[in-house]
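Notes follow once the structure below has been shown.
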Amino acid sequence: MGGESYVFMLDNHPECRTYLMIEAVNESKYQSAAENSMFDILQLFASRWQCVRAETDAAREYKNRDIKEAKYLDAIKQREQFIDNMKLVQQLAVEMSNLASLDELHRFAVESIREKLGFDRAILLLLDMKKRCFSGTYGTNEEGDTVSEHHTQYDLHQLEEDYINALFEGEQSLVIVDDAPLYSAGKVVGQGWNGMLILRDGDEIIGWVALDNYINRLSITSYQKQMLESFGSLLAQIYIRKRQEQNVRMLHASMVELSRCMTIHDVCRSAVAYSIKRLGIDRLAVFLTDPECTYMQGTWGTDIHGNVVDESYYRSETQDRSIVNMARAHPNEVVFEESVPIYHDFNIVGFGWTAMTMLTNNSGEPIAFIAADNLIKRTPLTSQLREMIRMFASNLTEVMQKTSAQEAVHQLNENLEKEVKSRTRELQQANEKLDLMSKMDPLTRLGNRRMLEHLLEDLCCKHGGDVVEYGVILVDIDHFGLFNNDYGHLEGDIALMRVGNILKHHAEIGDETFCRIGGEEFVLLVTNKTEQQIATLAECIRDCIETEKIPHKSNTASEYLTVSIGYHVMPFEQNNFNFNTVYDSADKALYLAKDQGRNLVRGVTDDLIIDASKKVTRSSARATSH
């Protein structure tokens with residue numbers, strides 16, 4: 001632009017310097033102005049500029065400090081609120097533990113999340129892996145009120161991918177999806193965050209609580225997430241315990257109810273009435289059948305209005321009925337079909353699910369069928385309901401067998417004078433059946449202490465001077481108390497049944513019978529077997545039980561449920577047999593197996609000198625390991 005250019009520094013701040021630049025200056029005029037001190041005013045400008053900048057910086061610093069202080073106070077407040085909420089969660093856990101039923105627990109959980117923990121909406125959903133679906137219990141509508149969701153059922157594939165991944169691939173207990181569509185009754189009603197609070201029983205998924213912020217649209221804090229995770233963990237534990245308690249109460253009450261009946265006819269009527277009133281089943285019927293399962297004979301059932309009615313007039317063949325064939329293929333299990341016609345007296349009266357289970361006696365022969373459906377209330381067939389039907393059917397089987405035996409005895413007594421000879425044999429068979437049931441452990445179907453005493457009495461009745469090798473095998477489940485603590489007594493009973501089935505298959509020759517003599521202790525008395533044969537048998541039993549692969553996370557010897565086994569073999573003259581001597585030695589061998597790490601077989605063999613005229617004495621002993 002011509003002339004001279006000048007630069008004047010207004011502010012020498014280290015982070016942001018400020019300059020005034022002037023171009024095309026007339027040098028002569030500049031010199032004249034400088035001589036007359038006319039540029040001193042620029043010093044005032046610079047000072048004022050720096051004051052303004054300092055004031056601005058100070059204001060900014062004050063604001064930043066206030067922001068930090070506000071965040072700190074908010075954090076303290078949220079932390080205090082979190083501590084209060086955690087106390088509230090513990091209080092809610094106590095209240096949930098005192099609820100009388102699972103249905104009350106479902107409703108209380110939903111309302112607690114909303115009213116006590118401060119979230120907008122929630123719904124408790126239960127997962128059924130066998131059907132690959134989930135069903136509702138209680139939830140929250142668009143107005144924030146509690147509503148029943150028992151009629152709802154959804155396929156598992158309808159869930160978002162994030163939720164499916166969290167259920168089956170991760171170990172998360174809480175998943176939050178932001179900017180997600182919010183649903184009510186299957187329809188989109190808005191947008192916000194959506195959450196899944198997963199409830200687990202170990203590795204098994206029970207279900208989850210779905211939450212959202214539809215009403216107030218508030219964001220969720222990290223403290224709230226921690227509070228939800230704690231609540232979910234406690235809810236899952238309480239749910240598992242309540243479910244087990246409810247099943248046990250149901251089993252006990254049904255056994256008491258059914259055991260009062262004196263005839264099979266009355267047992268069937270009581271079973272139908274109890275199922276409708278206590279189990280919450282819409283309709284149920286009991287059908288008798290023959291050992292070849294060629295027909296279904298009606299007893300008592302339910303009409304289309306849910307009334308208990310006599311259906312002894314009903315009779316049909318079992319051929320070409322798909323659900324009957326499924327029940328025959330899977331005895332004592334609950335099979336089902338969904339979205340199929342529902343029949344009454346051979347006529348279609350609706351559509352829904354039908355379920356059936358075939359009852360078998362101790363010999364595995366069919367004795368009856370239980371059929372159920374949801375004609376009236378249309379409620380989904382949940383895994384919990386199937387499990388209740390299965391356990392109820394087990395009780396009904398036992399009562400029907402006992403009642404059938406009692407009826408046989410009663411019938412024999414009535415006709416005793418008319419047909420003494422022909423009926424005496426039948427009466428003896430019925431009494432033997434009752435006697436066998438009294439000597440049988442009801443859980444494992446093995447012998448009990450009475451059976452062991454019976455076997456010993458038979459041995460004591462044998463007289464003679466022949467020397468016989470007597471052996472005792474003691475089996476004890478490793479850390480079974482810890483197993484019950486980890487998995488519950490219901491799973492403990494199932495484990496005992498599975499172990500009992502294995503033991504049963506290893507003692508089916510002659511008079512050899514495994515007997516359950518304690519909570520987790522079993523004994524087998526064998527004769528005329530060598531030490532090596534008994535050792536091989538004991539090792540086979542130990543291996544089969546471990547191979548069953550029953551999970552046992554607290555077992556120090558394996559990741560599966562195992563047993564420790566001790567045995568002892570001694571020769572005795574038949575008239576001098578001493579069971580306690582052999583048992584005590586086998587017991588010592590058992591404790592040796594436990595002391596050496598469990599999941600082992602240990603035996604003690606005694607070299608005996610036999611005094612044919614008086615007694616048996618012991619000369620030496622050695623411990624052997626297998």
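Labeling convention for the structure tokens: chains A, B, ... as they appear, residues from 1 per chain, ligands from 1 in order of appearance.
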
**Message:** Could you go through stretch 311-536 of chain A and tell me which residues DSSP, when run on the backbone, assigns to alpha helix (DSSP H), listing them as a PyMOL selection string?
**Reply:** chain A and resi 322-329+383-414+420-438+449-460+480-487+489-505+531-536

**Prompt:** Hey, what does DSSP flag as strand (DSSP E) within stretch 111-214 of chain A? Can you give it to me as a PyMOL selection string?
**Reply:** chain A and resi 121-128+133-136+138-140+146-148+153-155+174-184+187-201+204-212

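By only C-alpha atoms, and with residues fewer than 6 positions from A:Leu436 along its chain excluded, the set lying at most 10 Å from it is Ala430, Gly447, Arg450 and Met451 of chain A.
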
**Message:** as an MDAnalysis selection string, please: the residues near stretch 188-196 of chain A (cut-off 10 Å, only C-alpha atoms, same-chain neighbours under 5 positions excluded).
**Reply:** chainID A and resid 121:124 142 162:163 166:167 172:183 207:220 225

Please, which residues in stretch 418-524 of chain A fall within 12 Å of stretch 244-263 of chain A when counting only C-alpha atoms, and what is the closest atom pair and distance in Å to one decimal for each, ordered by chain then residue number, as a Markdown table?
| residue | atom | partner | partner_atom | distance |
| --- | --- | --- | --- | --- |
| A:Tyr487 | CA | A:Gln244 | CA | 10.7 |
| A:Gly488 | CA | A:Gln244 | CA | 8.0 |
| A:His489 | CA | A:Gln244 | CA | 8.4 |
| A:Leu490 | CA | A:Gln244 | CA | 7.0 |
| A:Glu491 | CA | A:Gln244 | CA | 9.6 |
| A:Gly492 | CA | A:Gln244 | CA | 11.8 |
| A:Asp493 | CA | A:Val248 | CA | 11.7 |

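Using only C-alpha atoms, the nearest neighbour of A:Phe134 within the list A:Val334, A:Leu537, A:Ile264, A:Ile206 is A:Ile206.
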
Give me the residues within 10 Å of stretch 589-605 of chain A as a short mmCIF file (atom, residue, chain, number, x, y, z; two decimals) with C-alpha atoms, in the first residue's frame, counting only C-alpha atoms and dropping any in the same chain fewer than 3 places off.
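Once written, around.cif looks like this:
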data_model
loop_
_atom_site.label_atom_id
_atom_site.label_comp_id
_atom_site.auth_asym_id
_atom_site.auth_seq_id
_atom_site.Cartn_x
_atom_site.Cartn_y
_atom_site.Cartn_z
CA GLY A 471 -17.83 -109.22 50.87
CA VAL A 472 -19.17 -105.76 51.72
CA ILE A 473 -18.97 -102.74 49.38
CA LEU A 474 -19.63 -99.28 50.88
CA VAL A 475 -20.33 -96.38 48.49
CA ASP A 476 -20.39 -92.77 49.72
CA ILE A 477 -21.05 -89.71 47.53
CA ASP A 478 -18.23 -87.17 47.79
CA HIS A 479 -19.13 -83.75 49.27
CA GLU A 531 -11.41 -110.13 46.16
CA ILE A 534 -15.30 -107.33 44.12
CA ALA A 535 -12.50 -104.84 43.41
CA THR A 536 -13.40 -104.87 39.70
CA ALA A 538 -16.30 -101.48 42.87
CA GLU A 539 -14.09 -99.76 40.29
CA CYS A 540 -16.77 -100.21 37.60
CA ILE A 541 -19.33 -98.55 39.90
CA ARG A 542 -17.00 -95.63 40.63
CA ASP A 543 -16.22 -95.14 36.93
CA ILE A 545 -20.94 -92.68 38.37
CA GLU A 546 -18.17 -90.29 37.28
CA ASN A 555 -16.14 -81.45 44.43
CA THR A 556 -12.40 -81.42 45.19
CA ALA A 557 -11.82 -84.67 43.29
CA SER A 558 -13.51 -83.84 39.97
CA LEU A 561 -20.20 -85.82 41.14
CA THR A 562 -18.06 -88.77 42.30
CA VAL A 563 -18.09 -91.47 44.97
CA SER A 564 -15.56 -93.00 47.34
CA ILE A 565 -15.77 -96.77 47.80
CA GLY A 566 -14.45 -99.09 50.48
CA TYR A 567 -14.75 -102.88 50.46
CA HIS A 568 -13.71 -105.88 52.49
CA VAL A 569 -13.75 -109.63 51.82
CA MET A 570 -13.65 -112.27 54.57
CA VAL A 582 -16.83 -107.09 57.59
CA TYR A 583 -18.74 -103.79 57.62
CA ASP A 584 -16.31 -102.11 60.04
CA SER A 585 -13.34 -103.05 57.89
CA ALA A 586 -15.07 -101.84 54.72
CA LEU A 608 -7.97 -115.70 57.96
CA SER A 620 -2.73 -110.49 59.35
CA ALA A 621 -4.09 -107.69 57.21
CA ARG A 622 -3.00 -105.64 54.26
CA ALA A 623 -4.41 -102.54 52.45
CA THR A 624 -4.84 -102.70 48.69
CA SER A 625 -5.60 -99.91 46.20
CA HIS A 626 -7.39 -100.08 42.86
#
